[in-house]
Amino acid sequence: MSATTPQTRAPHAVLGAGPAGTALARELARRGHPVRLVDRKGGGPALEGVERFAADVSTPDGARAAAGEAAVVYHCVNVGYHLQVEVMPRVQQAVLAAVQDSGARLVVLDTLYPYGETGGAVMTEDSPWQATSRKGRMRAELDERYLAAHRAGRARVVLGRSADFVGPGVLNSSLGAAVFPGALTGGKVLGLGDIDLPHSHTDIRDVATGLATLGERPEGDGRVWHLPTAPAVSTREIHAMIEKRVGRALDVVVLEEPRPFGPFDEQFMAEYAEMFYQHTEPQIVDSSAFERAFGTAPTPLADTVEATLAWYREWLTR
């Protein structure tokens with residue numbers, strides 16, 4: 001905690017200072033919570049109401065230090081794609097042990113990977129977990145452990161699943177730095193797989209709102225929730241929305257199979273190959289259960305596109 005700002009309420013500790021963790025820290029501070037934002041370096045731009053904290057949460061000591069006296073711990077940690085199968089289980093082990101020791105509730109940012117290939121079926125929280133990829137099986141195993149810890153009374157845990165991120169601050173996404181800079185400058189714009197298939201994207205601000213809500217509402221504990229996600233449309237439709245706003249046709253490069261492009265280098269694409277099915281079948285997320293339970297609604301996709309373009313315009317001038 002800041003030496004100059006005494007806290008009278010237990011803080012909320014956000015592990016991981018990427019786009020999701022940073023957006024969540026801002027949202028929690030906006031709601032009036034003392035916030036600790038944790039990554040390995042503890043650096044980065046100052047955020048109002050947020051304390052930066054350095055810790056390696058893949059280690060037991062680092063996770064315990066990061067959790068500290070927090071009432072709620074949010075696990076938004078991610079690592080390089082080629083390291084996930086090795087590192088993410090270590091992070092889980094350390095973080096679960098930390099919250100078991102401290103008594104904090106644990107809110108986990110999760111992916112759609114455990115569902116695996118669905119044949120285009122709409123994904124709900126009741127969809128079967130049938131992943132066959134290495135990363136999908138790993139995520140499913142982690143989620144089973146989280147829920148088992150909750151059922152056994154060792155920890156209080158809730159999981160919030162998101163579709164592909166999009167929005168201000170999101171770079172490494174199929175709708176990120178491979179799309180918006182090219183759209184704004186007349187450069188190449190990425191499309192993956194079949195761009196006429198419906199594909200869900202979750203606004204990063206809805207990720208933050210959803211996780212913060214789960215952090216404040218313990219009645220949601222012990223299960224998986226789909227975070228608020230706008231109705232799925234095709235990538236081609238999203239490109240048309242962008243074209244309307246930038247006033248030019250996009251120069252779209254469609255990759256029918258994974259290969260390096262823009263921010264996605266050869267190492268990343270080699271690791272992503274097993275997940276490429278997400279772009280060759282519909283990816284449709286139903287978040288209506290969360291919306292009904294917590295009285296929320298996802299940001300309209302048109303608003304997300306507007307805000308993302310505005311952020312990238314500023315980003316390109318830095």
# chains A, B, ... in the order shown; residues from 1 in each chain; ligands from 1

call {"tool": "select_by_dssp", "arguments": {"residues": "stretch 123-282 of chain A", "states": "strand (DSSP E)", "output": "PyMOL selection string"}}
result
chain A and resi 156-161+164-166+188-192+198-199+201-203+224-226+233-234+251-255

call {"tool": "closest_atom_pairs", "arguments": {"of": "stretch 229-263 of chain A", "to": "stretch 171-182 of chain A", "cutoff": "12 Å", "atoms": "only C-alpha atoms", "output": "Markdown table"}}
result
| residue | atom | partner | partner_atom | distance |
| --- | --- | --- | --- | --- |
| A:Ser234 | CA | A:Leu175 | CA | 11.9 |
| A:Thr235 | CA | A:Leu175 | CA | 8.9 |
| A:Arg236 | CA | A:Leu175 | CA | 11.7 |
| A:Ile238 | CA | A:Leu175 | CA | 9.2 |
| A:His239 | CA | A:Val179 | CA | 8.9 |
| A:Met241 | CA | A:Phe180 | CA | 11.8 |
| A:Ile242 | CA | A:Phe180 | CA | 8.4 |
| A:Glu243 | CA | A:Phe180 | CA | 10.5 |
| A:Arg245 | CA | A:Phe180 | CA | 11.4 |
| A:Val246 | CA | A:Phe180 | CA | 10.0 |
| A:Arg248 | CA | A:Gly182 | CA | 11.1 |
| A:Ala249 | CA | A:Gly182 | CA | 10.9 |
| A:Leu250 | CA | A:Gly182 | CA | 7.9 |
| A:Asp251 | CA | A:Gly182 | CA | 7.9 |
| A:Val252 | CA | A:Val179 | CA | 8.7 |
| A:Val253 | CA | A:Val179 | CA | 9.9 |
| A:Val254 | CA | A:Val179 | CA | 11.4 |
| A:Leu255 | CA | A:Ser174 | CA | 11.4 |
| A:Pro258 | CA | A:Ser174 | CA | 11.9 |
| A:Pro260 | CA | A:Ala178 | CA | 10.9 |
| A:Phe261 | CA | A:Ala178 | CA | 7.5 |
| A:Gly262 | CA | A:Ala178 | CA | 5.7 |
| A:Pro263 | CA | A:Ala178 | CA | 6.4 |

call {"tool": "write_last_selection", "arguments": {"atoms": "C-alpha atoms", "output": "tab-separated table (two decimals), in the first residue's frame"}}
result
chain	number	residue	atom	x	y	z
A	234	SER	CA	-18.42	-12.08	-38.59
A	235	THR	CA	-14.96	-10.60	-38.91
A	236	ARG	CA	-16.02	-9.26	-42.29
A	238	ILE	CA	-16.39	-5.89	-38.07
A	239	HIS	CA	-14.10	-4.84	-40.90
A	241	MET	CA	-17.76	-1.24	-39.26
A	242	ILE	CA	-14.15	-0.10	-39.18
A	243	GLU	CA	-14.20	0.93	-42.84
A	245	ARG	CA	-15.43	4.93	-39.45
A	246	VAL	CA	-12.03	5.37	-41.11
A	248	ARG	CA	-11.50	3.83	-46.56
A	249	ALA	CA	-11.61	0.22	-47.70
A	250	LEU	CA	-9.37	-2.03	-45.65
A	251	ASP	CA	-6.48	-3.90	-47.25
A	252	VAL	CA	-7.27	-7.25	-45.66
A	253	VAL	CA	-4.83	-10.15	-45.70
A	254	VAL	CA	-6.65	-13.38	-44.85
A	255	LEU	CA	-4.53	-16.17	-43.37
A	258	PRO	CA	-1.29	-19.87	-39.19
A	260	PRO	CA	3.68	-14.98	-39.08
A	261	PHE	CA	1.95	-11.63	-39.55
A	262	GLY	CA	2.57	-8.26	-37.92
A	263	PRO	CA	2.89	-8.66	-34.14

call {"tool": "residues_around", "arguments": {"residues": "A:Asp221", "least_positions_apart": "2", "cutoff": "10 Å", "atoms": "only C-alpha atoms", "output": "JSON, numbers by chain"}}
result
{"A": [105, 106, 107, 147, 150, 156, 157, 158, 159, 214, 215, 217, 218, 219, 223, 224, 225]}

call {"tool": "select_by_dssp", "arguments": {"residues": "stretch 21-81 of chain A", "states": "alpha helix (DSSP H)", "output": "number ranges by chain"}}
result
A: 21-30, 60-67

call {"tool": "write_last_selection", "arguments": {"atoms": "N, CA and C atoms", "output": "CSV table (one decimal), in the first residue's frame"}}
result
chain,number,residue,atom,x,y,z
A,21,GLY,N,-5.8,-7.0,-16.6
A,21,GLY,CA,-5.5,-6.6,-15.3
A,21,GLY,C,-5.5,-5.1,-15.1
A,22,THR,N,-5.0,-4.4,-16.0
A,22,THR,CA,-4.9,-2.9,-15.9
A,22,THR,C,-6.3,-2.4,-16.0
A,23,ALA,N,-7.2,-2.9,-16.9
A,23,ALA,CA,-8.5,-2.4,-17.0
A,23,ALA,C,-9.3,-2.7,-15.8
A,24,LEU,N,-9.1,-3.9,-15.2
A,24,LEU,CA,-9.7,-4.3,-14.0
A,24,LEU,C,-9.3,-3.4,-12.8
A,25,ALA,N,-8.0,-3.1,-12.7
A,25,ALA,CA,-7.5,-2.2,-11.6
A,25,ALA,C,-8.2,-0.9,-11.7
A,26,ARG,N,-8.3,-0.3,-12.9
A,26,ARG,CA,-9.0,1.0,-13.0
A,26,ARG,C,-10.5,0.9,-12.6
A,27,GLU,N,-11.1,-0.2,-13.0
A,27,GLU,CA,-12.5,-0.4,-12.7
A,27,GLU,C,-12.8,-0.5,-11.2
A,28,LEU,N,-11.9,-1.3,-10.5
A,28,LEU,CA,-12.0,-1.5,-9.1
A,28,LEU,C,-11.8,-0.1,-8.3
A,29,ALA,N,-10.8,0.6,-8.8
A,29,ALA,CA,-10.5,1.9,-8.2
A,29,ALA,C,-11.7,2.8,-8.4
A,30,ARG,N,-12.3,2.8,-9.6
A,30,ARG,CA,-13.5,3.6,-9.9
A,30,ARG,C,-14.6,3.3,-8.9
A,60,PRO,N,5.7,-19.5,-4.5
A,60,PRO,CA,4.8,-19.4,-3.3
A,60,PRO,C,5.0,-18.1,-2.6
A,61,ASP,N,6.3,-17.7,-2.4
A,61,ASP,CA,6.6,-16.5,-1.6
A,61,ASP,C,6.0,-15.3,-2.4
A,62,GLY,N,6.2,-15.2,-3.7
A,62,GLY,CA,5.7,-14.1,-4.5
A,62,GLY,C,4.2,-14.0,-4.4
A,63,ALA,N,3.5,-15.1,-4.6
A,63,ALA,CA,2.1,-15.1,-4.5
A,63,ALA,C,1.5,-14.7,-3.2
A,64,ARG,N,2.2,-15.2,-2.1
A,64,ARG,CA,1.7,-14.8,-0.7
A,64,ARG,C,2.0,-13.3,-0.5
A,65,ALA,N,3.1,-12.7,-1.0
A,65,ALA,CA,3.3,-11.3,-0.9
A,65,ALA,C,2.3,-10.5,-1.7
A,66,ALA,N,2.0,-11.0,-2.9
A,66,ALA,CA,1.0,-10.3,-3.7
A,66,ALA,C,-0.4,-10.3,-3.1
A,67,ALA,N,-0.8,-11.4,-2.6
A,67,ALA,CA,-2.1,-11.5,-2.0
A,67,ALA,C,-2.2,-10.7,-0.7

call {"tool": "atom_distance", "arguments": {"atom1": "atom CA of A:Gly167", "atom2": "atom CA of A:Thr308"}}
result
4.8 Å

call {"tool": "closest_atom_pairs", "arguments": {"of": "stretch 113-191 of chain A", "to": "stretch 296-304 of chain A", "cutoff": "12 Å", "atoms": "only C-alpha atoms", "output": "tab-separated table"}}
result
residue	atom	partner	partner_atom	distance
A:Ser162	CA	A:Pro298	CA	11.8
A:Phe165	CA	A:Thr304	CA	10.8
A:Val166	CA	A:Thr304	CA	7.6
A:Gly167	CA	A:Thr304	CA	6.0
A:Pro168	CA	A:Thr304	CA	8.3
A:Gly169	CA	A:Thr304	CA	11.8
A:Val170	CA	A:Thr304	CA	11.6
A:Leu175	CA	A:Thr304	CA	11.0

call {"tool": "residues_around", "arguments": {"residues": "A:Arg31", "least_positions_apart": "6", "cutoff": "12 Å", "atoms": "only C-alpha atoms", "output": "list in words"}}
result
His12, Leu24, Ala25, Glu48, Gly49, Val50, Ala208, Thr209, Ala212, Thr213, Gly215 and Glu216 of chain A

call {"tool": "write_last_selection", "arguments": {"atoms": "all heavy atoms", "output": "JSON list (two decimals), in the first residue's frame"}}
result
[["chain", "number", "residue", "atom", "x", "y", "z"],
["A", 12, "HIS", "N", -8.11, -4.94, -2.90],
["A", 12, "HIS", "CA", -8.33, -5.95, -3.92],
["A", 12, "HIS", "C", -7.01, -6.06, -4.68],
["A", 12, "HIS", "O", -6.49, -5.06, -5.19],
["A", 12, "HIS", "CB", -9.45, -5.54, -4.86],
["A", 12, "HIS", "CG", -10.81, -5.65, -4.24],
["A", 12, "HIS", "ND1", -11.89, -6.20, -4.91],
["A", 12, "HIS", "CD2", -11.28, -5.27, -3.03],
["A", 12, "HIS", "CE1", -12.95, -6.16, -4.12],
["A", 12, "HIS", "NE2", -12.61, -5.60, -2.98],
["A", 24, "LEU", "N", -9.07, -3.89, -15.20],
["A", 24, "LEU", "CA", -9.74, -4.28, -13.96],
["A", 24, "LEU", "C", -9.31, -3.40, -12.80],
["A", 24, "LEU", "O", -10.15, -2.96, -11.99],
["A", 24, "LEU", "CB", -9.44, -5.74, -13.66],
["A", 24, "LEU", "CG", -9.92, -6.27, -12.31],
["A", 24, "LEU", "CD1", -11.43, -6.10, -12.15],
["A", 24, "LEU", "CD2", -9.52, -7.74, -12.15],
["A", 25, "ALA", "N", -8.01, -3.12, -12.69],
["A", 25, "ALA", "CA", -7.54, -2.25, -11.60],
["A", 25, "ALA", "C", -8.22, -0.88, -11.68],
["A", 25, "ALA", "O", -8.65, -0.33, -10.65],
["A", 25, "ALA", "CB", -6.02, -2.10, -11.68],
["A", 48, "GLU", "N", -4.63, 6.24, -11.06],
["A", 48, "GLU", "CA", -5.23, 6.84, -9.87],
["A", 48, "GLU", "C", -5.88, 5.79, -8.99],
["A", 48, "GLU", "O", -6.68, 4.97, -9.46],
["A", 48, "GLU", "CB", -6.26, 7.89, -10.29],
["A", 48, "GLU", "CG", -6.86, 8.65, -9.11],
["A", 48, "GLU", "CD", -7.80, 9.74, -9.54],
["A", 48, "GLU", "OE1", -7.93, 9.98, -10.77],
["A", 48, "GLU", "OE2", -8.42, 10.35, -8.66],
["A", 49, "GLY", "N", -5.52, 5.78, -7.72],
["A", 49, "GLY", "CA", -6.11, 4.86, -6.77],
["A", 49, "GLY", "C", -5.53, 3.46, -6.79],
["A", 49, "GLY", "O", -6.04, 2.57, -6.11],
["A", 50, "VAL", "N", -4.44, 3.27, -7.55],
["A", 50, "VAL", "CA", -3.87, 1.94, -7.73],
["A", 50, "VAL", "C", -2.41, 1.95, -7.28],
["A", 50, "VAL", "O", -1.63, 2.81, -7.70],
["A", 50, "VAL", "CB", -3.95, 1.49, -9.21],
["A", 50, "VAL", "CG1", -3.26, 0.14, -9.40],
["A", 50, "VAL", "CG2", -5.41, 1.43, -9.66],
["A", 208, "ALA", "N", -13.32, -6.25, -17.47],
["A", 208, "ALA", "CA", -13.07, -5.58, -16.18],
["A", 208, "ALA", "C", -14.34, -5.47, -15.36],
["A", 208, "ALA", "O", -14.36, -5.79, -14.15],
["A", 208, "ALA", "CB", -12.46, -4.20, -16.42],
["A", 209, "THR", "N", -15.42, -5.03, -15.97],
["A", 209, "THR", "CA", -16.69, -4.88, -15.26],
["A", 209, "THR", "C", -17.17, -6.24, -14.72],
["A", 209, "THR", "O", -17.62, -6.35, -13.57],
["A", 209, "THR", "CB", -17.75, -4.29, -16.19],
["A", 209, "THR", "OG1", -17.33, -2.98, -16.60],
["A", 209, "THR", "CG2", -19.10, -4.18, -15.50],
["A", 212, "ALA", "N", -14.86, -7.44, -11.81],
["A", 212, "ALA", "CA", -15.10, -6.62, -10.61],
["A", 212, "ALA", "C", -16.44, -6.99, -9.98],
["A", 212, "ALA", "O", -16.56, -7.05, -8.74],
["A", 212, "ALA", "CB", -15.07, -5.15, -10.98],
["A", 213, "THR", "N", -17.43, -7.25, -10.80],
["A", 213, "THR", "CA", -18.74, -7.66, -10.26],
["A", 213, "THR", "C", -18.64, -8.99, -9.54],
["A", 213, "THR", "O", -19.19, -9.15, -8.43],
["A", 213, "THR", "CB", -19.76, -7.75, -11.41],
["A", 213, "THR", "OG1", -19.91, -6.44, -12.00],
["A", 213, "THR", "CG2", -21.11, -8.23, -10.92],
["A", 215, "GLY", "N", -16.03, -10.07, -8.11],
["A", 215, "GLY", "CA", -15.29, -9.79, -6.89],
["A", 215, "GLY", "C", -16.16, -9.21, -5.78],
["A", 215, "GLY", "O", -15.89, -9.42, -4.59],
["A", 216, "GLU", "N", -17.20, -8.49, -6.17],
["A", 216, "GLU", "CA", -18.09, -7.87, -5.19],
["A", 216, "GLU", "C", -19.28, -8.74, -4.81],
["A", 216, "GLU", "O", -19.98, -8.44, -3.84],
["A", 216, "GLU", "CB", -18.62, -6.55, -5.75],
["A", 216, "GLU", "CG", -17.57, -5.47, -5.92],
["A", 216, "GLU", "CD", -18.13, -4.19, -6.50],
["A", 216, "GLU", "OE1", -19.15, -4.26, -7.23],
["A", 216, "GLU", "OE2", -17.56, -3.12, -6.24]]

call {"tool": "atom_distance", "arguments": {"atom1": "atom CA of A:Pro114", "atom2": "atom CA of A:Thr132"}}
result
8.7 Å

call {"tool": "closest_residue", "arguments": {"among": "A:Arg139, A:Leu83, A:Val14, A:Tyr113", "to": "A:Phe276", "atoms": "only C-alpha atoms"}}
result
A:Tyr113

call {"tool": "atom_distance", "arguments": {"atom1": "atom CA of A:Gly210", "atom2": "atom CA of A:Gly18"}}
result
16.4 Å
